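Okay, structure.cif now, which holds mmCIF, C-alpha atoms and all ligand atoms:
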```cif
data_work
loop_
_atom_site.label_atom_id
_atom_site.label_comp_id
_atom_site.auth_asym_id
_atom_site.auth_seq_id
_atom_site.Cartn_x
_atom_site.Cartn_y
_atom_site.Cartn_z
CA MET A 3 1.47 -18.96 26.51
CA GLU A 4 -1.50 -16.82 27.52
CA LEU A 5 -1.90 -13.07 27.16
CA LYS A 6 -4.96 -11.53 28.77
CA ILE A 7 -6.49 -8.41 27.28
CA ASN A 8 -8.20 -6.46 30.05
CA LEU A 9 -10.96 -4.18 28.83
CA ASN A 10 -13.88 -2.60 30.65
CA ASN A 11 -16.20 -5.11 29.02
CA ASN A 12 -15.30 -8.14 26.94
CA SER A 13 -11.87 -9.03 28.31
CA TYR A 14 -10.42 -12.02 26.49
CA SER A 15 -7.37 -14.25 26.22
CA ILE A 16 -4.88 -14.77 23.43
CA TYR A 17 -3.20 -18.19 23.44
CA ILE A 18 0.07 -18.54 21.56
CA GLU A 19 1.30 -22.07 21.03
CA LYS A 20 2.90 -24.13 18.28
CA GLY A 21 0.34 -26.58 16.92
CA ILE A 22 -2.64 -24.91 18.61
CA LEU A 23 -4.57 -25.08 15.35
CA ASN A 24 -4.88 -28.84 15.76
CA ASN A 25 -5.85 -28.45 19.35
CA ALA A 26 -8.33 -25.61 19.02
CA VAL A 27 -11.30 -27.53 20.35
CA ASP A 28 -9.83 -27.71 23.87
CA TYR A 29 -9.59 -23.93 24.01
CA ILE A 30 -12.90 -23.17 22.33
CA ASN A 31 -14.69 -25.53 24.71
CA LYS A 32 -13.81 -23.19 27.55
CA VAL A 33 -15.74 -20.25 26.12
CA TYR A 34 -18.37 -21.60 23.73
CA LYS A 35 -21.05 -24.06 24.78
CA ASN A 36 -23.44 -24.14 21.79
CA LYS A 37 -23.21 -26.72 19.03
CA LYS A 38 -22.82 -24.72 15.82
CA ILE A 39 -19.64 -23.08 14.49
CA TYR A 40 -19.14 -21.24 11.19
CA ILE A 41 -15.57 -20.81 9.93
CA ILE A 42 -14.84 -17.95 7.53
CA THR A 43 -11.62 -18.10 5.55
CA ASP A 44 -10.07 -17.24 2.18
CA ASP A 45 -9.24 -19.54 -0.73
CA ASN A 46 -5.49 -19.71 0.09
CA VAL A 47 -5.85 -20.46 3.76
CA SER A 48 -8.70 -22.90 3.20
CA LYS A 49 -6.40 -25.13 1.13
CA LEU A 50 -3.77 -25.15 3.86
CA TYR A 51 -5.56 -25.26 7.18
CA LEU A 52 -9.32 -25.57 6.90
CA SER A 53 -9.66 -29.33 6.90
CA SER A 54 -7.41 -29.88 9.90
CA LEU A 55 -9.31 -27.25 11.87
CA ILE A 56 -12.65 -28.80 10.93
CA ASN A 57 -11.41 -32.26 11.84
CA ASN A 58 -10.34 -31.03 15.20
CA LEU A 59 -13.56 -29.15 15.93
CA LYS A 60 -16.04 -31.72 14.73
CA ALA A 61 -15.38 -33.91 17.75
CA ASN A 62 -17.51 -31.45 19.71
CA TYR A 63 -19.21 -29.17 17.26
CA ASP A 64 -21.33 -29.04 14.17
CA VAL A 65 -19.03 -27.13 11.78
CA ASP A 66 -19.81 -25.28 8.56
CA TYR A 67 -17.65 -22.84 6.58
CA VAL A 68 -17.67 -20.10 3.95
CA VAL A 69 -14.67 -19.32 1.70
CA PHE A 70 -14.07 -16.11 -0.24
CA PRO A 71 -11.24 -15.06 -2.63
CA HIS A 72 -8.05 -13.90 -0.87
CA GLY A 73 -6.66 -10.37 -0.90
CA GLU A 74 -7.45 -6.79 0.02
CA ASP A 75 -9.74 -6.48 -3.02
CA SER A 76 -12.16 -8.81 -1.27
CA LYS A 77 -12.43 -6.60 1.81
CA ASN A 78 -15.51 -4.89 0.47
CA ILE A 79 -19.25 -4.60 0.81
CA ASN A 80 -19.90 -7.31 -1.81
CA THR A 81 -17.94 -9.91 0.15
CA TYR A 82 -19.61 -8.69 3.33
CA ALA A 83 -23.04 -9.21 1.74
CA PHE A 84 -21.94 -12.57 0.30
CA LEU A 85 -20.81 -13.79 3.72
CA CYS A 86 -23.99 -12.65 5.47
CA GLU A 87 -26.12 -14.30 2.78
CA GLU A 88 -24.21 -17.56 2.89
CA LEU A 89 -24.42 -17.67 6.68
CA LEU A 90 -28.16 -17.00 6.63
CA LYS A 91 -28.68 -19.63 3.92
CA ARG A 92 -26.87 -22.04 6.20
CA ASP A 93 -29.34 -21.13 8.92
CA ILE A 94 -27.01 -19.26 11.26
CA ARG A 95 -28.79 -18.32 14.50
CA ARG A 96 -28.31 -15.66 17.12
CA GLY A 97 -25.48 -16.70 19.44
CA ASN A 98 -23.73 -19.02 16.95
CA LEU A 99 -19.97 -18.73 16.82
CA LEU A 100 -17.90 -17.41 13.90
CA ILE A 101 -14.23 -18.26 13.51
CA ALA A 102 -11.98 -16.01 11.41
CA LEU A 103 -9.29 -18.30 9.98
CA GLY A 104 -6.82 -16.23 7.95
CA GLY A 105 -4.90 -12.99 7.69
CA GLY A 106 -5.98 -9.45 8.46
CA VAL A 107 -8.46 -9.37 5.59
CA VAL A 108 -10.34 -12.41 6.90
CA GLY A 109 -10.08 -11.05 10.44
CA ASP A 110 -11.37 -7.57 9.62
CA ILE A 111 -14.33 -8.70 7.54
CA THR A 112 -15.31 -11.59 9.79
CA GLY A 113 -15.11 -9.31 12.80
CA PHE A 114 -17.39 -6.86 11.00
CA VAL A 115 -19.90 -9.60 10.18
CA ALA A 116 -19.69 -10.69 13.82
CA GLY A 117 -20.24 -7.12 14.92
CA THR A 118 -23.33 -6.59 12.78
CA LEU A 119 -25.15 -9.82 11.87
CA TYR A 120 -27.94 -10.25 14.46
CA ARG A 121 -26.46 -7.06 15.97
CA GLY A 122 -23.55 -9.12 17.17
CA LEU A 123 -22.36 -12.72 17.23
CA PRO A 124 -19.47 -14.18 19.22
CA TYR A 125 -16.30 -14.75 17.20
CA ILE A 126 -12.86 -16.24 17.66
CA GLY A 127 -9.79 -15.15 15.72
CA ILE A 128 -7.28 -17.66 14.39
CA PRO A 129 -4.87 -15.29 12.62
CA THR A 130 -2.51 -16.92 10.12
CA THR A 131 -0.22 -14.14 8.86
CA LEU A 132 2.53 -12.55 10.90
CA LEU A 133 0.78 -9.19 10.56
CA SER A 134 -2.52 -10.49 11.83
CA GLN A 135 -0.91 -12.50 14.63
CA MET A 136 1.08 -9.67 16.14
CA ASP A 137 -1.09 -6.72 15.20
CA SER A 138 -4.64 -6.90 13.84
CA SER A 139 -5.79 -9.79 16.05
CA ILE A 140 -5.83 -7.39 18.97
CA GLY A 141 -7.60 -4.09 19.41
CA GLY A 142 -11.15 -4.85 18.30
CA LYS A 143 -11.06 -2.86 15.09
CA THR A 144 -13.06 -4.54 12.34
CA GLY A 145 -14.29 -3.32 9.00
CA ILE A 146 -14.21 -3.15 5.23
CA ASP A 147 -13.02 -0.78 2.53
CA PHE A 148 -15.68 1.36 0.82
CA PHE A 149 -15.88 4.39 -1.47
CA ASN A 150 -12.14 4.01 -2.17
CA ARG A 151 -11.38 4.49 1.50
CA LYS A 152 -9.64 1.83 3.59
CA ASN A 153 -11.52 0.58 6.65
CA ILE A 154 -14.11 3.33 6.33
CA LEU A 155 -17.06 1.10 7.32
CA GLY A 156 -16.43 -0.69 10.55
CA ALA A 157 -17.14 -1.32 14.18
CA PHE A 158 -15.32 -2.07 17.39
CA LYS A 159 -15.93 -5.72 18.15
CA GLN A 160 -13.82 -7.74 20.54
CA PRO A 161 -13.30 -11.46 19.95
CA LEU A 162 -14.16 -14.12 22.49
CA MET A 163 -10.64 -15.51 22.21
CA VAL A 164 -7.65 -15.52 19.85
CA LEU A 165 -5.58 -18.60 19.01
CA ILE A 166 -2.14 -18.04 17.50
CA ASP A 167 -0.16 -20.87 15.95
CA PRO A 168 3.36 -19.75 14.98
CA LEU A 169 3.76 -22.91 12.84
CA VAL A 170 1.37 -21.61 10.19
CA LEU A 171 3.87 -18.84 9.43
CA ASN A 172 6.02 -21.47 7.67
CA THR A 173 3.78 -21.37 4.61
CA LEU A 174 3.73 -17.57 4.34
CA ASP A 175 5.67 -16.14 1.41
CA ASN A 176 8.62 -13.83 2.08
CA ARG A 177 6.97 -10.60 1.14
CA GLU A 178 3.96 -11.25 3.40
CA PHE A 179 6.32 -12.19 6.18
CA ASN A 180 8.32 -8.98 5.76
CA ASN A 181 5.10 -7.00 5.70
CA GLY A 182 4.37 -8.23 9.21
CA MET A 183 7.97 -7.65 10.31
CA GLY A 184 7.62 -3.92 9.64
CA GLU A 185 4.87 -3.60 12.24
CA LEU A 186 6.59 -6.01 14.62
CA ILE A 187 9.76 -3.92 14.63
CA LYS A 188 7.57 -0.85 15.13
CA HIS A 189 6.15 -2.38 18.31
CA GLY A 190 9.67 -2.88 19.61
CA ALA A 191 10.68 0.64 18.65
CA ILE A 192 7.80 2.34 20.46
CA GLY A 193 7.41 0.08 23.43
CA ASN A 194 9.94 -2.61 24.19
CA LYS A 195 13.70 -2.49 23.93
CA LYS A 196 14.00 -6.15 24.89
CA LEU A 197 11.90 -7.10 21.87
CA LEU A 198 14.39 -5.29 19.63
CA ASN A 199 17.28 -7.17 21.26
CA LEU A 200 15.54 -10.49 20.64
CA LEU A 201 14.91 -9.51 17.03
CA LEU A 202 18.59 -8.83 16.60
CA ASN A 203 19.75 -11.99 18.31
CA LYS A 204 17.21 -14.77 17.75
CA PRO A 205 17.19 -16.77 14.51
CA ASN A 206 13.39 -17.13 14.26
CA ILE A 207 10.15 -15.42 15.13
CA ASP A 208 8.84 -17.51 18.02
CA GLU A 209 6.16 -17.39 20.71
CA GLU A 210 8.20 -15.05 22.89
CA ILE A 211 8.67 -12.48 20.14
CA ILE A 212 5.02 -12.62 19.06
CA SER A 213 3.83 -12.24 22.63
CA LEU A 214 6.15 -9.30 23.42
CA SER A 215 4.96 -7.57 20.28
CA LEU A 216 1.32 -8.18 21.15
CA ASN A 217 2.02 -6.92 24.63
CA VAL A 218 3.10 -3.52 23.31
CA LYS A 219 -0.19 -3.20 21.44
CA LYS A 220 -2.12 -4.63 24.41
CA LEU A 221 -0.91 -1.90 26.76
CA VAL A 222 -1.80 0.82 24.30
CA VAL A 223 -5.22 -0.70 23.52
CA GLU A 224 -6.08 -1.23 27.18
CA ALA A 225 -5.28 2.41 27.88
CA ASP A 226 -7.31 3.61 24.90
CA GLU A 227 -9.88 1.01 23.85
CA PHE A 228 -11.77 3.27 21.44
CA ASP A 229 -8.82 4.98 19.77
CA LEU A 230 -9.30 8.43 21.25
CA GLY A 231 -5.71 9.30 22.15
CA ASP A 232 -2.82 7.06 23.15
CA ARG A 233 -3.42 4.51 20.42
CA MET A 234 -2.01 7.11 18.08
CA LYS A 235 1.41 5.84 19.20
CA LEU A 236 0.84 2.80 17.00
CA ASN A 237 1.08 5.20 14.08
CA PHE A 238 4.83 5.53 14.53
CA GLY A 239 6.35 5.32 11.05
CA HIS A 240 2.90 5.69 9.44
CA THR A 241 2.74 9.46 8.92
CA PHE A 242 5.53 9.30 6.34
CA GLY A 243 4.87 5.61 5.64
CA HIS A 244 1.38 6.15 4.22
CA ILE A 245 2.67 8.73 1.80
CA ILE A 246 5.54 6.49 0.68
CA GLU A 247 3.22 3.48 0.34
CA LEU A 248 0.91 5.34 -2.04
CA LYS A 249 3.61 7.19 -3.92
CA TYR A 250 6.09 4.37 -4.55
CA GLY A 251 3.93 1.23 -4.31
CA TYR A 252 5.62 -0.43 -1.33
CA LYS A 253 3.71 -2.91 0.75
CA HIS A 254 2.37 -1.43 3.95
CA GLY A 255 4.98 -2.95 6.28
CA GLU A 256 7.82 -1.95 3.97
CA ALA A 257 6.56 1.62 3.84
CA VAL A 258 6.30 1.67 7.63
CA ALA A 259 9.96 0.58 7.79
CA ILE A 260 11.06 3.56 5.70
CA GLY A 261 8.62 5.81 7.56
CA MET A 262 10.20 4.86 10.89
CA LEU A 263 13.63 5.89 9.68
CA LEU A 264 12.26 9.24 8.51
CA ALA A 265 10.49 9.82 11.82
CA ILE A 266 13.71 8.99 13.67
CA LYS A 267 15.66 11.47 11.51
CA MET A 268 13.06 14.12 12.22
CA GLY A 269 13.15 13.39 15.95
CA ILE A 270 16.94 13.65 15.98
CA ASP A 271 16.79 17.00 14.14
CA LEU A 272 14.27 18.28 16.67
CA GLY A 273 16.51 17.16 19.53
CA ILE A 274 13.91 14.69 20.82
CA THR A 275 15.21 11.35 19.64
CA ASN A 276 18.38 9.78 21.00
CA LYS A 277 20.78 9.47 18.04
CA GLU A 278 21.53 5.78 18.65
CA CYS A 279 17.93 4.91 17.70
CA TYR A 280 18.74 5.32 14.03
CA SER A 281 21.45 2.71 13.73
CA ILE A 282 19.65 0.23 15.97
CA ILE A 283 16.43 0.33 13.97
CA TYR A 284 18.34 0.49 10.69
CA ASN A 285 20.27 -2.71 11.52
CA ILE A 286 17.13 -4.60 12.49
CA LEU A 287 15.34 -3.52 9.30
CA GLU A 288 18.32 -4.71 7.28
CA LYS A 289 18.42 -8.04 9.07
CA TYR A 290 14.78 -8.68 8.13
CA ASN A 291 15.22 -7.53 4.52
CA LEU A 292 13.07 -4.48 4.87
CA PRO A 293 13.85 -1.41 2.76
CA THR A 294 16.08 1.19 4.36
CA ILE A 295 16.08 3.75 1.59
CA GLU A 296 16.99 7.12 3.01
CA TYR A 297 14.49 9.62 1.73
CA ASN A 298 14.52 13.14 3.13
CA TYR A 299 11.54 13.64 5.45
CA LEU A 300 11.45 17.35 4.63
CA ASP A 301 10.34 16.42 1.10
CA PHE A 302 7.15 14.85 2.43
CA LEU A 303 5.99 17.52 4.86
CA ASP A 304 3.61 19.18 2.40
CA GLU A 305 1.83 15.88 1.96
CA VAL A 306 1.79 15.31 5.69
CA LEU A 307 -0.13 18.56 6.05
CA PHE A 308 -2.89 17.13 3.83
CA ASP A 309 -3.00 13.86 5.71
CA LYS A 310 -5.88 12.86 7.94
CA LYS A 311 -3.81 13.25 11.07
CA ASN A 312 -3.87 16.96 10.45
CA ILE A 313 -6.67 17.71 12.92
CA SER A 314 -7.65 21.37 13.27
CA GLY A 315 -4.32 22.77 12.22
CA VAL A 316 -2.24 20.53 14.47
CA VAL A 317 -0.17 17.58 13.25
CA ASN A 318 0.58 14.74 15.62
CA PHE A 319 3.98 13.21 15.03
CA ILE A 320 4.95 10.07 16.87
CA LEU A 321 8.61 10.42 17.77
CA LEU A 322 10.94 8.13 19.62
CA THR A 323 12.69 9.53 22.65
CA ASN A 324 14.80 6.41 23.16
CA VAL A 325 14.82 2.89 21.85
CA GLY A 326 11.52 1.42 23.07
CA GLU A 327 10.00 4.75 24.11
CA CYS A 328 7.92 7.28 22.20
CA ILE A 329 5.84 10.40 22.59
CA ILE A 330 3.06 12.17 20.72
CA TYR A 331 4.60 15.42 19.52
CA LYS A 332 2.22 18.13 18.35
CA LEU A 333 3.23 20.75 15.80
CA THR A 334 1.04 23.44 14.30
CA GLU A 335 0.86 23.70 10.51
CA GLU A 336 2.97 26.82 10.75
CA GLU A 337 5.66 25.02 12.74
CA VAL A 338 5.70 22.19 10.22
CA ARG A 339 6.19 24.69 7.38
CA ARG A 340 9.03 26.33 9.27
CA LEU A 341 10.90 23.01 9.50
CA LYS A 342 11.41 23.16 5.75
CA LYS A 343 13.23 26.47 5.88
N1 LIG B 401 -7.95 -4.49 12.57
C1 LIG B 401 -6.76 -4.00 12.76
O1 LIG B 401 -6.42 -3.49 13.82
C2 LIG B 401 -5.75 -4.07 11.64
C3 LIG B 401 -4.42 -3.76 11.88
C4 LIG B 401 -3.52 -3.89 10.84
C5 LIG B 401 -3.96 -4.30 9.60
N2 LIG B 401 -5.28 -4.58 9.39
C6 LIG B 401 -5.76 -5.03 8.08
O2 LIG B 401 -5.17 -6.29 7.79
C7 LIG B 401 -5.16 -6.45 6.39
C8 LIG B 401 -3.84 -7.01 5.97
O3 LIG B 401 -3.65 -8.25 6.63
P1 LIG B 401 -2.64 -9.34 6.08
O4 LIG B 401 -1.35 -8.70 5.80
O5 LIG B 401 -2.71 -10.48 7.01
O6 LIG B 401 -3.24 -9.68 4.63
P2 LIG B 401 -4.13 -10.85 4.06
O7 LIG B 401 -5.21 -11.27 4.98
O8 LIG B 401 -4.55 -10.41 2.70
O9 LIG B 401 -3.09 -12.05 3.91
C9 LIG B 401 -2.03 -11.94 3.01
C10 LIG B 401 -1.96 -13.14 2.06
O10 LIG B 401 -1.45 -14.27 2.76
C11 LIG B 401 -2.31 -15.40 2.58
N3 LIG B 401 -2.17 -16.21 3.79
C12 LIG B 401 -2.70 -15.98 5.01
N4 LIG B 401 -2.22 -16.84 5.90
C13 LIG B 401 -1.34 -17.65 5.25
C14 LIG B 401 -0.50 -18.73 5.64
N5 LIG B 401 -0.41 -19.12 6.92
N6 LIG B 401 0.25 -19.32 4.69
C15 LIG B 401 0.22 -18.88 3.41
N7 LIG B 401 -0.54 -17.86 2.98
C16 LIG B 401 -1.30 -17.24 3.90
C17 LIG B 401 -3.67 -14.81 2.34
O11 LIG B 401 -4.50 -15.70 1.64
C18 LIG B 401 -3.31 -13.57 1.51
O12 LIG B 401 -3.17 -13.91 0.17
C19 LIG B 401 -5.45 -5.09 5.77
O13 LIG B 401 -6.75 -5.11 5.22
C20 LIG B 401 -5.38 -4.14 6.95
O14 LIG B 401 -6.25 -3.05 6.82
C21 LIG B 401 -6.17 -4.47 10.39
ZN ZN B 402 0.23 -0.26 9.87
#
```
Show the structure stored in the file as structure tokens.
Amino acid sequence: MELKINLNNNSYSIYIEKGILNNAVDYINKVYKNKKIYIITDDNVSKLYLSSLINNLKANYDVDYVVFPHGEDSKNINTYAFLCEELLKRDIRRGNLLIALGGGVVGDITGFVAGTLYRGLPYIGIPTTLLSQMDSSIGGKTGIDFFNRKNILGAFKQPLMVLIDPLVLNTLDNREFNNGMGELIKHGAIGNKKLLNLLLNKPNIDEEIISLSLNVKKLVVEADEFDLGDRMKLNFGHTFGHIIELKYGYKHGEAVAIGMLLAIKMGIDLGITNKECYSIIYNILEKYNLPTIEYNYLDFLDEVLFDKKNISGVVNFILLTNVGECIIYKLTEEEVRRLKK
């Protein structure tokens, strides 16, 4: 299954297919004609999938790789420097291809190396977590954490191609899987009612579900490549979610799940959100074992006012109108304060 991302420059294709990891060379051949490929991955993913990818690629390419320790703690300037050094030691040249094999951490940091080393190298994403397959593999945002701030150093860098193999999700542990489900359900909530129906009725996450989820993000990204407006819609559930994530230690996707319920409650109170949205989203979250704890959104409004989305006295809330439809709803600080009364 192919999904084409149409941008002003650097349009590219995402291929979603079971077993594509062992077939990658056929796809990469179409877009990369040089000899040398460098794979970047983490120490978990390398044990699972690196050798089969290398075996597949070495029929046509000269393949080298660099592995770094897994986890968000590695998404920093030290790992970035380590990767650049290792690549240079291995004689990487301008125009050589990088492959990001792994979750969002591998994708973000490899994309950033690809965006900066030699002022830009081609790279291909092979995302291996649910989150990275249906979310971070698209949109061109790359970067690392720095100065205690997430993703504060980064660049927009589009891949040459993305290859998604749903079979690799079988080795993902439950909590990582659920983490991705939070964002997947979010895509359905803001952009595709059919996706929500499939989530309720299908037994497994398959190519169709992954591609419908990516398609929601695709449409938003194509309309707003550099994150200047409409992409804000992807923040549905995040305004309250970020606060809950930090305060109560949930994983990101779990916090987004709770955040969506709060945003729906708020939308219903404001007369913007159709009431049926609540039970539909609630049932899907339950089905996928995501938390559905019912906090009161009014309790978090003070913190929302301090959040980064509070641009020049206006807070942008992303509210559903109906299942699969959302709007950006602006409130002044004063209006937010009045909600509490
Ligand atoms: N660029 C974007 O647009 C964007 C969007 C959303 C999130 N992100 C970033 O993505 C990161 C989170 O990504 P993530 O959730 O994929 O985390 P991750 O990359 O840390 O992966 C989670 C864990 O799963 C392991 N893993 C990966 N694939 C596996 C597989 N197939 N089987 C077994 N284990 C596997 C990893 O080694 C890691 O321990 C964050 O840094 C976040 O900022 C970026
Ligand atoms: Zn998110």
Wanna dump the chain A-ligand LIG 401 (chain B) contacts at 7 Å for me, each residue with its shortest atom pair and the distance in Å to one decimal, counting only C-alpha atoms and all ligand atoms, ordered by chain and number, as a Markdown table?
```
| residue | atom | partner | partner_atom | distance |
| --- | --- | --- | --- | --- |
| A:Asp44 | CA | B:LIG401 | O11 | 5.8 |
| A:Asp45 | CA | B:LIG401 | O11 | 6.5 |
| A:Asn46 | CA | B:LIG401 | O11 | 4.4 |
| A:Val47 | CA | B:LIG401 | O11 | 5.4 |
| A:His72 | CA | B:LIG401 | O11 | 4.7 |
| A:Gly73 | CA | B:LIG401 | O8 | 4.2 |
| A:Glu74 | CA | B:LIG401 | O8 | 5.4 |
| A:Lys77 | CA | B:LIG401 | O13 | 6.8 |
| A:Gly104 | CA | B:LIG401 | C12 | 5.1 |
| A:Gly105 | CA | B:LIG401 | O7 | 3.2 |
| A:Gly106 | CA | B:LIG401 | O3 | 3.2 |
| A:Val107 | CA | B:LIG401 | O7 | 3.8 |
| A:Val108 | CA | B:LIG401 | O7 | 5.6 |
| A:Asp110 | CA | B:LIG401 | N1 | 5.5 |
| A:Thr130 | CA | B:LIG401 | N4 | 4.2 |
| A:Thr131 | CA | B:LIG401 | N4 | 4.5 |
| A:Leu132 | CA | B:LIG401 | O5 | 6.8 |
| A:Leu133 | CA | B:LIG401 | O5 | 5.1 |
| A:Ser134 | CA | B:LIG401 | O5 | 4.8 |
| A:Asp137 | CA | B:LIG401 | C3 | 5.6 |
| A:Ser138 | CA | B:LIG401 | C3 | 3.7 |
| A:Ser139 | CA | B:LIG401 | N1 | 6.7 |
| A:Ile140 | CA | B:LIG401 | O1 | 6.5 |
| A:Gly141 | CA | B:LIG401 | O1 | 5.7 |
| A:Gly142 | CA | B:LIG401 | N1 | 6.6 |
| A:Lys143 | CA | B:LIG401 | N1 | 4.3 |
| A:Thr144 | CA | B:LIG401 | N1 | 5.1 |
| A:Lys152 | CA | B:LIG401 | O14 | 6.8 |
| A:Asn153 | CA | B:LIG401 | O14 | 6.4 |
| A:Val170 | CA | B:LIG401 | N5 | 4.5 |
| A:Leu171 | CA | B:LIG401 | N5 | 5.0 |
| A:Asn172 | CA | B:LIG401 | N6 | 6.8 |
| A:Thr173 | CA | B:LIG401 | N6 | 4.1 |
| A:Leu174 | CA | B:LIG401 | C15 | 3.9 |
| A:Asp175 | CA | B:LIG401 | C15 | 6.4 |
| A:Glu178 | CA | B:LIG401 | C9 | 6.0 |
| A:Asn181 | CA | B:LIG401 | O4 | 6.7 |
| A:Gly182 | CA | B:LIG401 | O4 | 6.7 |
```
Within 7 Å of Leu100 in chain A, counting all atoms listed in the file, which residues qualify if same-chain residues fewer than 5 places away don't, as an NGL selection string? :A and (39-41 or 116 or 124-126)
Distance criterion (only C-alpha atoms): nearest to Leu287 in chain A out of A:Ile146, A:Ile207, A:Val68, A:Leu263: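 Closest candidate: A:Leu263.
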For ligand ZN 402 (chain B), collect every residue having any atom at a distance of at most 8 Å from a ligand atom (counting all atoms listed in the file); output as a PDB file with C-alpha atoms, in the coordinates of the input.
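Resulting contents of result-v5.pdb:
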```pdb
ATOM      1  CA  GLU A 185       4.870  -3.600  12.240  1.00  0.00           C
ATOM      2  CA  LEU A 236       0.840   2.800  17.000  1.00  0.00           C
ATOM      3  CA  ASN A 237       1.080   5.200  14.080  1.00  0.00           C
ATOM      4  CA  HIS A 240       2.900   5.690   9.440  1.00  0.00           C
ATOM      5  CA  HIS A 254       2.370  -1.430   3.950  1.00  0.00           C
ATOM      6  CA  GLY A 255       4.980  -2.950   6.280  1.00  0.00           C
ATOM      7  CA  VAL A 258       6.300   1.670   7.630  1.00  0.00           C
TER       8      VAL A 258
END
```
Record the distance separating CA of Thr323 in chain A and CA of Ala225 in chain A, expressed in Å with one decimal. 20.0 Å
CA of Glu210 in chain A and CA of Gln160 in chain A are how many Å apart?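 Distance between the two atoms: 23.3 Å.
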For CA of Tyr252 in chain A and CA of Ile330 in chain A, the interatomic separation in Å (one decimal):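 Those two atoms sit 25.5 Å apart.
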Nearby residues (all atoms listed in the file) at most 12 Å from Glu337 in chain A, same-chain spacing under 3 positions excluded, as a list in words: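 Near Glu337 in chain A, the qualifying residues are Leu272, Leu303, Leu307, Gly315, Val316, Val317, Asn318, Tyr331, Lys332, Leu333, Thr334, Arg340, Leu341, Lys342 and Lys343 of chain A.
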Which is closest to Leu292 in chain A among A:Asn24, A:Asn8, A:Thr81, A:Asn180, if we use all atoms listed in the file?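 Comparing A:Asn24, A:Asn8, A:Thr81, A:Asn180 against Leu292 in chain A, the winner is A:Asn180.
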Which of these, A:Glu209, A:Glu288, A:Glu227, A:Glu305, has the shortest distance to Leu248 in chain A once you count only C-alpha atoms?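 When distances to Leu248 in chain A are compared using only C-alpha atoms, the smallest one comes from A:Glu305.
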